[in-house]
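K.L.:
You'll find run_1.tsv just under this line, and it carries TSV, C-alpha atoms and all ligand atoms.
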```
chain	number	residue	atom	x	y	z
A	1051	MET	CA	-96.48	-44.85	-60.07
A	1052	GLY	CA	-100.23	-45.07	-59.86
A	1053	LEU	CA	-103.16	-44.97	-57.52
A	1054	ILE	CA	-104.38	-48.03	-55.65
A	1055	VAL	CA	-107.57	-48.38	-53.62
A	1056	GLN	CA	-107.34	-51.05	-50.93
A	1057	LYS	CA	-110.35	-52.30	-48.99
A	1058	PHE	CA	-110.11	-54.27	-45.75
A	1059	GLY	CA	-113.14	-56.09	-44.33
A	1060	GLY	CA	-114.26	-56.46	-40.73
A	1061	THR	CA	-112.25	-59.60	-39.89
A	1062	SER	CA	-109.07	-58.05	-41.32
A	1063	VAL	CA	-109.38	-55.08	-38.92
A	1064	GLY	CA	-110.89	-57.06	-36.03
A	1065	SER	CA	-108.24	-56.23	-33.39
A	1066	VAL	CA	-105.40	-53.78	-32.71
A	1067	GLU	CA	-102.87	-56.37	-33.95
A	1068	ARG	CA	-104.84	-56.87	-37.15
A	1069	ILE	CA	-105.09	-53.13	-37.71
A	1070	GLN	CA	-101.29	-53.01	-37.36
A	1071	ASN	CA	-101.03	-55.82	-39.90
A	1072	VAL	CA	-103.30	-53.86	-42.27
A	1073	ALA	CA	-101.13	-50.76	-41.78
A	1074	LYS	CA	-98.13	-52.84	-42.94
A	1075	ARG	CA	-99.99	-53.96	-46.08
A	1076	VAL	CA	-100.89	-50.33	-46.82
A	1077	ILE	CA	-97.31	-49.18	-46.31
A	1078	MET	CA	-96.02	-51.89	-48.66
A	1079	GLU	CA	-98.02	-50.31	-51.49
A	1080	LYS	CA	-97.13	-46.78	-50.48
A	1081	GLU	CA	-93.41	-47.60	-50.31
A	1082	SER	CA	-93.49	-49.21	-53.73
A	1083	GLY	CA	-94.38	-45.74	-55.02
A	1084	HIS	CA	-98.17	-45.71	-55.27
A	1085	ASP	CA	-100.71	-43.26	-53.96
A	1086	VAL	CA	-102.99	-45.20	-51.64
A	1087	VAL	CA	-106.60	-44.75	-50.60
A	1088	VAL	CA	-107.77	-47.27	-47.99
A	1089	VAL	CA	-111.40	-48.16	-47.33
A	1090	VAL	CA	-112.24	-50.04	-44.15
A	1091	SER	CA	-115.20	-51.80	-42.56
A	1092	ALA	CA	-116.19	-51.75	-38.91
A	1093	MET	CA	-114.02	-53.94	-36.64
A	1094	GLY	CA	-115.03	-57.62	-36.43
A	1095	LYS	CA	-118.70	-58.09	-35.60
A	1096	THR	CA	-119.25	-54.45	-34.57
A	1097	THR	CA	-122.07	-53.79	-37.05
A	1098	ASP	CA	-123.99	-56.89	-35.88
A	1099	GLN	CA	-123.52	-55.83	-32.26
A	1100	LEU	CA	-124.83	-52.34	-32.99
A	1101	VAL	CA	-127.86	-53.85	-34.73
A	1102	SER	CA	-128.59	-56.01	-31.64
A	1103	LEU	CA	-128.29	-53.00	-29.35
A	1104	ALA	CA	-130.88	-51.16	-31.43
A	1105	ASN	CA	-133.16	-54.22	-31.44
A	1106	GLU	CA	-133.02	-54.36	-27.65
A	1107	LEU	CA	-134.48	-50.87	-27.53
A	1108	SER	CA	-136.96	-51.00	-30.34
A	1109	SER	CA	-138.60	-53.60	-32.56
A	1110	LYS	CA	-138.70	-51.07	-35.40
A	1111	PRO	CA	-135.92	-48.54	-34.90
A	1112	SER	CA	-136.01	-45.40	-37.02
A	1113	LYS	CA	-133.99	-45.92	-40.20
A	1114	ARG	CA	-132.35	-42.54	-39.82
A	1115	GLU	CA	-131.11	-43.34	-36.32
A	1116	MET	CA	-130.05	-46.80	-37.48
A	1117	ASP	CA	-127.75	-45.20	-40.06
A	1118	MET	CA	-126.44	-42.78	-37.45
A	1119	LEU	CA	-125.65	-45.75	-35.20
A	1120	LEU	CA	-124.13	-48.13	-37.74
A	1121	THR	CA	-121.81	-45.57	-39.34
A	1122	THR	CA	-120.01	-45.19	-36.00
A	1123	GLY	CA	-118.48	-48.64	-36.55
A	1124	GLU	CA	-116.44	-47.60	-39.57
A	1125	GLN	CA	-115.54	-44.31	-37.93
A	1126	VAL	CA	-113.71	-46.18	-35.17
A	1127	THR	CA	-111.63	-48.14	-37.68
A	1128	ILE	CA	-110.55	-45.16	-39.82
A	1129	ALA	CA	-109.23	-43.28	-36.80
A	1130	LEU	CA	-107.37	-46.31	-35.41
A	1131	LEU	CA	-105.84	-47.24	-38.76
A	1132	SER	CA	-104.65	-43.66	-39.33
A	1133	MET	CA	-103.03	-43.70	-35.87
A	1134	ALA	CA	-101.34	-47.03	-36.65
A	1135	LEU	CA	-99.98	-45.60	-39.90
A	1136	TYR	CA	-98.62	-42.55	-38.07
A	1137	GLU	CA	-96.92	-44.79	-35.52
A	1138	MET	CA	-95.20	-46.59	-38.38
A	1139	GLY	CA	-93.89	-43.33	-39.75
A	1140	HIS	CA	-96.46	-42.50	-42.44
A	1141	GLU	CA	-98.72	-39.51	-42.74
A	1142	ALA	CA	-102.36	-40.50	-42.99
A	1143	ILE	CA	-105.72	-38.78	-42.70
A	1144	SER	CA	-109.11	-40.35	-42.02
A	1145	PHE	CA	-112.36	-39.25	-43.67
A	1146	THR	CA	-115.93	-40.21	-42.91
A	1147	GLY	CA	-118.20	-40.80	-45.90
A	1148	TRP	CA	-119.36	-37.20	-46.10
A	1149	GLN	CA	-115.84	-35.82	-45.70
A	1150	ALA	CA	-114.79	-38.05	-48.58
A	1151	GLY	CA	-117.55	-36.52	-50.74
A	1152	MET	CA	-119.60	-39.71	-51.00
A	1153	MET	CA	-123.02	-38.40	-52.11
A	1154	THR	CA	-125.98	-40.79	-52.04
A	1155	GLU	CA	-129.73	-40.86	-52.58
A	1156	SER	CA	-131.90	-39.80	-49.66
A	1157	VAL	CA	-132.72	-43.35	-48.63
A	1158	HIS	CA	-131.77	-44.80	-45.27
A	1159	GLY	CA	-130.37	-48.31	-44.95
A	1160	ASN	CA	-129.72	-49.06	-48.60
A	1161	ALA	CA	-128.78	-45.85	-50.42
A	1162	ARG	CA	-127.16	-45.80	-53.83
A	1163	ILE	CA	-124.16	-43.62	-54.54
A	1164	THR	CA	-125.08	-40.73	-56.84
A	1165	ASN	CA	-121.79	-38.85	-57.11
A	1166	ILE	CA	-118.37	-38.62	-55.47
A	1167	GLN	CA	-116.75	-35.24	-54.92
A	1168	THR	CA	-113.13	-36.31	-54.80
A	1169	GLU	CA	-111.39	-32.91	-54.37
A	1170	ARG	CA	-110.68	-33.33	-50.69
A	1171	ILE	CA	-109.18	-36.79	-51.15
A	1172	GLN	CA	-107.12	-35.60	-54.09
A	1173	GLU	CA	-105.71	-32.65	-52.14
A	1174	GLN	CA	-104.48	-34.98	-49.42
A	1175	LEU	CA	-103.00	-37.46	-51.88
A	1176	GLU	CA	-101.09	-34.60	-53.50
A	1177	GLN	CA	-99.60	-33.81	-50.11
A	1178	GLY	CA	-98.31	-37.37	-50.01
A	1179	LYS	CA	-100.74	-38.64	-47.39
A	1180	ILE	CA	-102.43	-41.99	-47.19
A	1181	VAL	CA	-106.19	-41.35	-47.19
A	1182	VAL	CA	-108.32	-43.66	-45.02
A	1183	VAL	CA	-112.05	-43.61	-45.84
A	1184	ALA	CA	-114.96	-45.08	-43.88
A	1185	GLY	CA	-116.74	-47.70	-45.97
A	1186	PHE	CA	-120.49	-48.28	-46.25
A	1187	GLN	CA	-121.53	-44.67	-45.61
A	1188	GLY	CA	-122.38	-41.47	-47.41
A	1189	ILE	CA	-124.40	-38.31	-47.19
A	1190	SER	CA	-127.65	-37.39	-48.91
A	1191	GLU	CA	-128.45	-34.11	-50.65
A	1192	ASN	CA	-130.21	-32.85	-47.55
A	1193	GLY	CA	-127.26	-33.58	-45.32
A	1194	GLU	CA	-128.41	-36.84	-43.77
A	1195	ILE	CA	-125.97	-39.64	-43.02
A	1196	THR	CA	-126.84	-42.74	-45.06
A	1197	THR	CA	-125.58	-46.32	-45.41
A	1198	LEU	CA	-125.18	-48.43	-48.54
A	1199	GLY	CA	-126.64	-51.71	-47.25
A	1200	ARG	CA	-124.92	-54.53	-45.37
A	1201	GLY	CA	-121.59	-55.41	-46.93
A	1202	GLY	CA	-121.51	-52.00	-48.63
A	1203	SER	CA	-117.86	-51.17	-47.94
A	1204	ASP	CA	-116.89	-53.12	-51.06
A	1205	THR	CA	-119.07	-50.72	-53.04
A	1206	THR	CA	-117.45	-47.69	-51.39
A	1207	ALA	CA	-114.04	-48.98	-52.47
A	1208	VAL	CA	-115.00	-49.76	-56.06
A	1209	ALA	CA	-116.88	-46.47	-56.46
A	1210	LEU	CA	-113.88	-44.54	-55.15
A	1211	ALA	CA	-111.57	-46.45	-57.47
A	1212	ALA	CA	-113.82	-45.52	-60.40
A	1213	ALA	CA	-114.12	-41.86	-59.39
A	1214	LEU	CA	-110.37	-41.47	-58.75
A	1215	LYS	CA	-109.53	-43.47	-61.90
A	1216	ALA	CA	-107.41	-45.80	-59.79
A	1217	ASP	CA	-105.22	-48.33	-61.51
A	1218	LYS	CA	-106.51	-51.11	-59.33
A	1219	CYS	CA	-108.91	-51.93	-56.50
A	1220	ASP	CA	-107.77	-54.65	-54.09
A	1221	ILE	CA	-110.40	-56.20	-51.85
A	1222	TYR	CA	-108.62	-57.74	-48.86
A	1223	THR	CA	-110.57	-60.33	-46.95
A	1224	ASP	CA	-110.25	-63.42	-44.73
A	1225	VAL	CA	-110.08	-65.84	-47.66
A	1226	THR	CA	-107.37	-66.02	-50.30
A	1227	GLY	CA	-109.64	-65.34	-53.27
A	1228	VAL	CA	-112.75	-66.51	-55.10
A	1229	PHE	CA	-113.11	-70.29	-55.08
A	1230	THR	CA	-114.89	-72.67	-57.47
A	1231	THR	CA	-117.21	-73.35	-54.54
A	1232	ASP	CA	-117.15	-72.93	-50.75
A	1233	PRO	CA	-114.00	-74.76	-49.54
A	1234	ARG	CA	-115.52	-75.21	-46.10
A	1235	TYR	CA	-117.99	-77.68	-47.66
A	1236	VAL	CA	-116.13	-79.10	-50.63
A	1237	LYS	CA	-112.52	-80.17	-50.03
A	1238	THR	CA	-111.57	-80.10	-53.72
A	1239	ALA	CA	-112.66	-76.45	-54.18
A	1240	ARG	CA	-109.93	-74.49	-55.96
A	1241	LYS	CA	-108.99	-70.84	-55.95
A	1242	LEU	CA	-109.61	-69.20	-59.33
A	1243	ASP	CA	-106.92	-67.06	-60.96
A	1244	ALA	CA	-109.56	-64.96	-62.69
A	1245	ILE	CA	-113.31	-64.64	-63.09
A	1246	SER	CA	-115.40	-62.35	-65.28
A	1247	TYR	CA	-117.58	-59.55	-63.90
A	1248	ASP	CA	-120.74	-61.30	-65.08
A	1249	GLU	CA	-119.81	-64.59	-63.49
A	1250	MET	CA	-118.83	-62.87	-60.25
A	1251	LEU	CA	-122.10	-60.94	-60.28
A	1252	GLU	CA	-124.11	-64.15	-60.59
A	1253	LEU	CA	-122.11	-65.82	-57.82
A	1254	ALA	CA	-122.41	-62.77	-55.55
A	1255	ASN	CA	-126.16	-62.60	-56.12
A	1256	LEU	CA	-126.45	-66.33	-55.48
A	1257	GLY	CA	-125.01	-65.94	-52.02
A	1258	ALA	CA	-121.23	-66.24	-52.41
A	1259	GLY	CA	-120.49	-63.67	-49.68
A	1260	VAL	CA	-117.01	-62.73	-50.83
A	1261	LEU	CA	-118.07	-59.57	-52.72
A	1262	HIS	CA	-121.08	-57.27	-52.48
A	1263	PRO	CA	-123.13	-57.64	-55.71
A	1264	ARG	CA	-123.45	-53.90	-56.16
A	1265	ALA	CA	-119.68	-53.50	-55.98
A	1266	VAL	CA	-119.29	-55.98	-58.84
A	1267	GLU	CA	-121.92	-54.13	-60.86
A	1268	PHE	CA	-120.04	-50.90	-60.31
A	1269	ALA	CA	-116.73	-52.46	-61.26
A	1270	LYS	CA	-118.24	-53.81	-64.48
A	1271	ASN	CA	-119.88	-50.52	-65.43
A	1272	TYR	CA	-116.72	-48.50	-64.88
A	1273	ASP	CA	-114.28	-51.21	-65.89
A	1274	VAL	CA	-112.41	-51.23	-62.58
A	1275	PRO	CA	-110.15	-54.28	-62.30
A	1276	LEU	CA	-110.58	-55.95	-58.90
A	1277	GLU	CA	-108.44	-58.40	-57.02
A	1278	VAL	CA	-109.93	-60.38	-54.14
A	1279	ARG	CA	-107.06	-61.43	-51.85
A	1280	SER	CA	-106.09	-62.33	-48.32
A	1281	SER	CA	-105.08	-59.71	-45.76
A	1282	MET	CA	-103.02	-62.35	-43.91
A	1283	GLU	CA	-101.20	-64.26	-46.66
A	1284	LEU	CA	-99.05	-62.57	-49.26
A	1285	GLU	CA	-100.17	-64.81	-52.15
A	1286	ARG	CA	-101.98	-63.55	-55.25
A	1287	GLY	CA	-105.76	-63.56	-55.15
A	1288	THR	CA	-108.44	-63.75	-57.83
A	1289	ILE	CA	-108.69	-61.08	-60.52
A	1290	VAL	CA	-112.21	-59.99	-61.50
A	1291	LYS	CA	-112.25	-58.45	-64.97
A	1292	GLU	CA	-113.89	-58.33	-68.40
A	1293	GLU	CA	-114.39	-61.69	-70.08
A	1294	ALA	CA	-112.66	-60.54	-73.26
A	1295	ASP	CA	-109.21	-60.52	-71.66
A	1296	MET	CA	-109.62	-63.85	-69.95
A	1297	GLU	CA	-107.76	-66.92	-71.11
A	1298	GLN	CA	-110.72	-69.18	-71.59
A	1299	ASN	CA	-114.46	-69.23	-71.41
A	1300	LEU	CA	-115.08	-72.09	-69.03
A	1301	VAL	CA	-118.45	-73.75	-69.36
A	1302	VAL	CA	-118.81	-73.82	-65.58
A	1303	ARG	CA	-116.51	-71.68	-63.45
A	1304	GLY	CA	-118.18	-71.84	-60.07
A	1305	ILE	CA	-120.98	-73.34	-58.00
A	1306	ALA	CA	-122.98	-71.36	-55.45
A	1307	PHE	CA	-125.51	-72.73	-53.00
A	1308	GLU	CA	-127.83	-71.58	-50.28
A	1309	ASP	CA	-130.21	-73.24	-47.85
A	1310	GLN	CA	-133.30	-71.78	-46.15
A	1311	VAL	CA	-135.31	-72.01	-49.36
A	1312	THR	CA	-139.07	-72.61	-49.24
A	1313	ARG	CA	-141.44	-73.39	-52.09
A	1314	VAL	CA	-144.92	-71.91	-51.90
A	1315	SER	CA	-147.67	-73.14	-54.21
A	1316	VAL	CA	-150.87	-71.20	-54.72
A	1317	CYS	CA	-153.36	-73.68	-56.16
A	1318	GLY	CA	-156.71	-73.33	-57.91
A	1319	LEU	CA	-156.23	-69.81	-59.22
A	1320	PRO	CA	-158.48	-68.51	-61.98
A	1321	ASN	CA	-156.64	-68.97	-65.30
A	1322	GLY	CA	-157.00	-65.35	-66.37
A	1323	LEU	CA	-154.98	-62.69	-68.09
A	1324	HIS	CA	-154.19	-60.84	-64.86
A	1325	THR	CA	-153.58	-63.69	-62.44
A	1326	LEU	CA	-149.79	-63.59	-62.52
A	1327	SER	CA	-149.52	-59.83	-62.34
A	1328	THR	CA	-152.04	-59.56	-59.51
A	1329	ILE	CA	-150.36	-62.14	-57.31
A	1330	PHE	CA	-146.81	-60.86	-57.77
A	1331	THR	CA	-147.81	-57.20	-57.48
A	1332	THR	CA	-149.53	-58.03	-54.20
A	1333	LEU	CA	-146.43	-59.80	-52.90
A	1334	ALA	CA	-144.07	-57.04	-54.09
A	1335	ASN	CA	-146.21	-54.29	-52.56
A	1336	ASN	CA	-145.87	-56.10	-49.26
A	1337	GLY	CA	-142.09	-56.31	-49.50
A	1338	ILE	CA	-141.90	-60.05	-50.25
A	1339	ASN	CA	-138.98	-61.03	-52.42
A	1340	VAL	CA	-139.72	-63.93	-54.71
A	1341	ASP	CA	-137.04	-65.94	-56.51
A	1342	ILE	CA	-137.94	-68.80	-58.87
A	1343	ILE	CA	-141.45	-68.83	-60.37
A	1344	ILE	CA	-143.23	-71.73	-62.05
A	1345	GLN	CA	-146.75	-71.70	-63.48
A	1346	SER	CA	-148.62	-74.89	-64.24
A	1347	THR	CA	-152.01	-75.01	-65.88
A	1348	SER	CA	-154.16	-77.94	-64.88
A	1349	ASN	CA	-157.15	-77.14	-67.11
A	1350	GLU	CA	-158.64	-74.22	-68.99
A	1351	GLU	CA	-160.15	-72.55	-65.95
A	1352	LYS	CA	-157.59	-73.21	-63.24
A	1353	THR	CA	-153.90	-72.65	-62.82
A	1354	SER	CA	-151.34	-73.07	-60.04
A	1355	ILE	CA	-148.33	-70.92	-59.37
A	1356	SER	CA	-145.31	-72.03	-57.37
A	1357	PHE	CA	-142.51	-69.76	-56.29
A	1358	SER	CA	-139.60	-69.85	-53.91
A	1359	VAL	CA	-138.96	-67.47	-51.03
A	1360	LYS	CA	-136.47	-67.34	-48.19
A	1361	THR	CA	-137.74	-69.55	-45.37
A	1362	VAL	CA	-137.82	-66.58	-42.95
A	1363	ASP	CA	-140.36	-64.91	-45.25
A	1364	LEU	CA	-142.77	-67.89	-45.33
A	1365	GLU	CA	-145.03	-66.70	-42.53
A	1366	ASP	CA	-145.35	-63.21	-44.03
A	1367	THR	CA	-145.96	-64.65	-47.49
A	1368	ILE	CA	-148.85	-66.80	-46.30
A	1369	ARG	CA	-150.31	-63.93	-44.28
A	1370	VAL	CA	-150.22	-61.55	-47.26
A	1371	LEU	CA	-151.78	-64.16	-49.58
A	1372	GLU	CA	-154.55	-64.97	-47.06
A	1373	GLU	CA	-155.26	-61.26	-46.52
A	1374	HIS	CA	-155.79	-60.87	-50.27
A	1375	LYS	CA	-157.69	-64.10	-50.79
A	1376	SER	CA	-160.82	-62.42	-52.13
A	1377	LEU	CA	-158.76	-60.51	-54.71
A	1378	LEU	CA	-156.61	-63.47	-55.74
A	1379	GLN	CA	-159.35	-66.13	-55.59
A	1380	PHE	CA	-157.16	-69.13	-54.94
A	1381	GLU	CA	-158.37	-72.41	-53.46
A	1382	GLN	CA	-155.41	-73.30	-51.25
A	1383	ILE	CA	-151.80	-72.64	-50.38
A	1384	GLU	CA	-149.22	-75.38	-49.96
A	1385	SER	CA	-145.62	-74.96	-48.89
A	1386	GLU	CA	-142.46	-77.00	-48.56
A	1387	SER	CA	-139.46	-75.85	-46.54
A	1388	ASN	CA	-136.05	-77.48	-45.97
A	1389	LEU	CA	-135.01	-76.87	-49.55
A	1390	ALA	CA	-131.77	-75.51	-50.99
A	1391	LYS	CA	-130.74	-73.89	-54.24
A	1392	VAL	CA	-127.64	-75.09	-56.05
A	1393	SER	CA	-126.42	-73.03	-59.03
A	1394	ILE	CA	-123.75	-73.58	-61.64
A	1395	VAL	CA	-122.29	-70.41	-63.19
A	1396	GLY	CA	-120.07	-69.97	-66.25
A	1397	SER	CA	-119.95	-67.64	-69.21
A	1398	GLY	CA	-119.11	-70.47	-71.61
A	1399	MET	CA	-122.69	-71.73	-71.21
A	1400	ILE	CA	-123.90	-69.16	-73.73
A	1401	SER	CA	-122.22	-71.05	-76.54
A	1402	ASN	CA	-122.52	-74.57	-75.14
A	1403	PRO	CA	-125.95	-76.18	-75.34
A	1404	GLY	CA	-126.66	-79.11	-73.04
A	1405	VAL	CA	-125.14	-77.76	-69.83
A	1406	ALA	CA	-128.48	-77.78	-68.01
A	1407	ALA	CA	-129.17	-81.27	-69.34
A	1408	GLN	CA	-125.84	-82.48	-68.01
A	1409	MET	CA	-126.61	-80.94	-64.61
A	1410	PHE	CA	-130.03	-82.63	-64.43
A	1411	GLN	CA	-128.56	-85.93	-65.53
A	1412	VAL	CA	-125.83	-86.05	-62.93
A	1413	LEU	CA	-128.25	-85.08	-60.18
A	1414	SER	CA	-130.75	-87.75	-61.22
A	1415	GLU	CA	-128.02	-90.40	-61.48
A	1416	ASN	CA	-127.22	-89.61	-57.88
A	1417	GLY	CA	-130.85	-90.00	-56.82
A	1418	ILE	CA	-131.32	-86.27	-56.21
A	1419	LEU	CA	-134.79	-85.00	-57.09
A	1420	ILE	CA	-134.99	-81.52	-58.60
A	1421	LYS	CA	-137.98	-79.52	-57.37
A	1422	MET	CA	-137.60	-76.25	-59.27
A	1423	VAL	CA	-135.30	-74.88	-61.95
A	1424	SER	CA	-134.32	-71.46	-63.18
A	1425	THR	CA	-131.78	-70.32	-65.75
A	1426	SER	CA	-130.08	-67.23	-67.11
A	1427	GLU	CA	-127.62	-66.99	-69.98
A	1428	ILE	CA	-124.74	-67.98	-67.72
A	1429	LYS	CA	-126.39	-69.83	-64.84
A	1430	VAL	CA	-128.58	-72.83	-64.05
A	1431	SER	CA	-130.13	-73.17	-60.59
A	1432	ALA	CA	-131.82	-76.26	-59.23
A	1433	VAL	CA	-133.82	-76.46	-56.02
A	1434	VAL	CA	-133.28	-79.72	-54.11
A	1435	ASP	CA	-133.92	-81.10	-50.60
A	1436	VAL	CA	-131.50	-79.42	-48.20
A	1437	GLU	CA	-130.15	-82.83	-47.14
A	1438	TYR	CA	-128.78	-83.25	-50.68
A	1439	MET	CA	-127.33	-79.74	-50.96
A	1440	VAL	CA	-123.66	-80.54	-50.32
A	1441	LYS	CA	-123.85	-83.83	-52.20
A	1442	SER	CA	-125.27	-81.98	-55.23
A	1443	VAL	CA	-122.43	-79.47	-55.13
A	1444	GLU	CA	-119.86	-82.27	-54.84
A	1445	VAL	CA	-121.13	-84.25	-57.82
A	1446	LEU	CA	-121.45	-81.13	-59.97
A	1447	HIS	CA	-117.98	-79.96	-58.97
A	1448	GLU	CA	-116.69	-83.34	-60.07
A	1449	VAL	CA	-118.57	-83.70	-63.35
A	1450	PHE	CA	-117.69	-80.19	-64.53
A	1451	GLU	CA	-114.04	-80.80	-63.55
A	1452	LEU	CA	-113.78	-77.73	-61.38
A	1453	SER	CA	-110.88	-78.98	-59.30
A	1454	LYS	CA	-108.67	-79.27	-62.40
A	1455	GLU	CA	-106.07	-76.54	-62.81
A	1456	GLU	CA	-106.82	-74.06	-65.58
A	1457	ALA	CA	-104.50	-74.42	-68.53
A	1458	ALA	CA	-101.54	-72.06	-68.23
A	1459	VAL	CA	-101.14	-69.64	-71.12
B	1	LIG	N1	-119.81	-52.88	-41.61
B	1	LIG	C1	-120.83	-53.06	-42.61
B	1	LIG	C2	-121.44	-54.45	-42.48
B	1	LIG	O1	-121.03	-55.22	-41.64
B	1	LIG	C3	-120.34	-52.80	-43.99
B	1	LIG	C4	-119.25	-53.72	-44.50
B	1	LIG	O2	-118.55	-54.34	-43.72
B	1	LIG	O3	-119.09	-53.82	-45.70
B	1	LIG	O4	-122.33	-54.77	-43.20
B	2	MG	MG	-117.98	-57.98	-46.92
```
Would you put the structure from the file into structure tokens?

P.N.:
Amino acid sequence: MGLIVQKFGGTSVGSVERIQNVAKRVIMEKESGHDVVVVVSAMGKTTDQLVSLANELSSKPSKREMDMLLTTGEQVTIALLSMALYEMGHEAISFTGWQAGMMTESVHGNARITNIQTERIQEQLEQGKIVVVAGFQGISENGEITTLGRGGSDTTAVALAAALKADKCDIYTDVTGVFTTDPRYVKTARKLDAISYDEMLELANLGAGVLHPRAVEFAKNYDVPLEVRSSMELERGTIVKEEADMEQNLVVRGIAFEDQVTRVSVCGLPNGLHTLSTIFTTLANNGINVDIIIQSTSNEEKTSISFSVKTVDLEDTIRVLEEHKSLLQFEQIESESNLAKVSIVGSGMISNPGVAAQMFQVLSENGILIKMVSTSEIKVSAVVDVEYMVKSVEVLHEVFELSKEEAAV
């Protein structure tokens, strides 16, 4: 007998029937002899709807009141799920973030968890109850309600699993696991049996929405084994764990992609010691998130810097650069939108030279022009025209043999 933390996302609790279905999944674990802590998200699209309500009233709602508003979503689900469990003959108790002892920094909208005081949860578990905790929320030192950032319920679950030393953390969602790439775009995408924390972290940061990046970071730091699985089907999902216990280091394990990428080039900059730091400090101070950066020197005096941003940030980026033109001393700004970023991820890359070369070769053979590149130890990203995004993923999926079954051990 052990302790299991189960997390159910918004779609999985989107209606009364689905909440009843979740209650059955919870009871299955409880009846097999485990203690169970359940973390839930707000029902369906509730959080989005609350955000739109706020936006109707104010173009810049107070962050404190925003947290007050959004945390109501999860509070609805915990109460309903506890009632459903009672109806099915099981004792359950719901806790909001602060009741569950979820302490966070004093930041609204994107707070980090600082500590979890688990006594209250533990007391209830000892009495044999199922404990249902509101995801995505906590309380700051000065007693303010905070949220952990969109998608933060995954982090609540993993953090609780770490603090309670749970045997396992199951993340239930509307897909059956982590796939080699998005099966809605690529028919041959295959569900993975296992993936390492580092690979999952890269994929999550590159826009694979299945897990919140911070939750993966937490799981890695505290060595919490995760399973991503379906709340509807009973099949096994994908295990996320340390590379060392995995069967094989695949060169490429997954492909992530995102559109809405724009390249901005700042041309004719003075080729000085401080140029790079000045330009990126200016952008950072104005809240502009930059992704890939490329510097090209045309002659001794002048240099150009290109970087990618999300397309929604283009207008702000140009405004900030223009406002600081006298400081930055550039000649002109150029930009290109309608781009996409395609990334291959795999921990076997560390020991396999030539993976990037193979990626570039297959893209060029298919007539796909690469506009920017960035790499890490276990990832290569290429920026291409958005019209070639899916095609790029398809040819890479094929050449790196991602649809092939992993060898059974
Ligand atoms: N309900 C929150 C959101 O939609 C948190 C979560 O679901 O993880 O972002
Ligand atoms: Mg989510």

K.L.:
Quick one: residues within 7 Å of ligand MG 2 (chain B), with all atoms listed in the file, as a list in words?

P.N.:
Gly1059, Gly1201, Ser1203, Asp1204, Gly1259, Val1260, Leu1261 and His1262 of chain A

K.L.:
Which residues come within 12 Å of Gly1123 in chain A, counting only C-alpha atoms, excluding same-chain residues fewer than 6 positions away, as a VMD selection string?

P.N.:
chain A and resid 1060 1063 to 1064 1090 to 1101 1116 to 1117 1129 to 1130 1146 1184 to 1187 1197 1203

K.L.:
Return the single residue from A:Pro1403, A:Gly1257, A:Gly1159, A:Gly1151 that is closest to Pro1111 in chain A, with distances computed using all atoms listed in the file.

P.N.:
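Looking at the shortest contact to Pro1111 in chain A, the residue is A:Gly1159.
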
K.L.:
What are the centre and the three edge lengths of an axis-aligned box that wraps all atoms of range 1426-1441 of chain A in the file, given that 5 Å is added to every side, written as AutoDock Vina command-line options and rounded to one decimal in Å?

P.N.:
```
--center_x -128.8 --center_y -75.4 --center_z -58.6 --size_x 20.3 --size_y 26.8 --size_z 32.8
```

K.L.:
Name all residues at most 9 Å from Glu1277 in chain A (count all atoms listed in the file; drop same-chain ones fewer than 4 positions away) and give them as a tab-separated table (two decimals) with C-alpha atoms, keeping the file's coordinate frame.

P.N.:
```tsv
chain	number	residue	atom	x	y	z
A	1218	LYS	CA	-106.51	-51.11	-59.33
A	1219	CYS	CA	-108.91	-51.93	-56.50
A	1220	ASP	CA	-107.77	-54.65	-54.09
A	1221	ILE	CA	-110.40	-56.20	-51.85
A	1222	TYR	CA	-108.62	-57.74	-48.86
A	1227	GLY	CA	-109.64	-65.34	-53.27
A	1244	ALA	CA	-109.56	-64.96	-62.69
A	1286	ARG	CA	-101.98	-63.55	-55.25
A	1287	GLY	CA	-105.76	-63.56	-55.15
A	1288	THR	CA	-108.44	-63.75	-57.83
A	1289	ILE	CA	-108.69	-61.08	-60.52
A	1290	VAL	CA	-112.21	-59.99	-61.50
A	1291	LYS	CA	-112.25	-58.45	-64.97
```

K.L.:
Filtering to C-alpha atoms, could range 1391-1406 of chain A of the supplied structure be written out as a PDB file, in the first residue's frame?

P.N.:
```
ATOM      1  CA  LYS A1391       9.830  26.597 -35.311  1.00  0.00           C
ATOM      2  CA  VAL A1392      10.332  22.850 -35.672  1.00  0.00           C
ATOM      3  CA  SER A1393      12.461  21.097 -33.026  1.00  0.00           C
ATOM      4  CA  ILE A1394      13.828  17.593 -32.717  1.00  0.00           C
ATOM      5  CA  VAL A1395      14.495  16.400 -29.149  1.00  0.00           C
ATOM      6  CA  GLY A1396      16.399  13.356 -27.897  1.00  0.00           C
ATOM      7  CA  SER A1397      18.937  12.651 -25.197  1.00  0.00           C
ATOM      8  CA  GLY A1398      20.964  10.367 -27.472  1.00  0.00           C
ATOM      9  CA  MET A1399      22.078  13.459 -29.399  1.00  0.00           C
ATOM     10  CA  ILE A1400      24.723  14.172 -26.771  1.00  0.00           C
ATOM     11  CA  SER A1401      26.745  11.186 -27.915  1.00  0.00           C
ATOM     12  CA  ASN A1402      25.781  11.202 -31.596  1.00  0.00           C
ATOM     13  CA  PRO A1403      27.407  13.864 -33.757  1.00  0.00           C
ATOM     14  CA  GLY A1404      25.745  14.712 -37.055  1.00  0.00           C
ATOM     15  CA  VAL A1405      22.124  14.851 -35.911  1.00  0.00           C
ATOM     16  CA  ALA A1406      21.781  18.534 -36.791  1.00  0.00           C
TER      17      ALA A1406
END
```
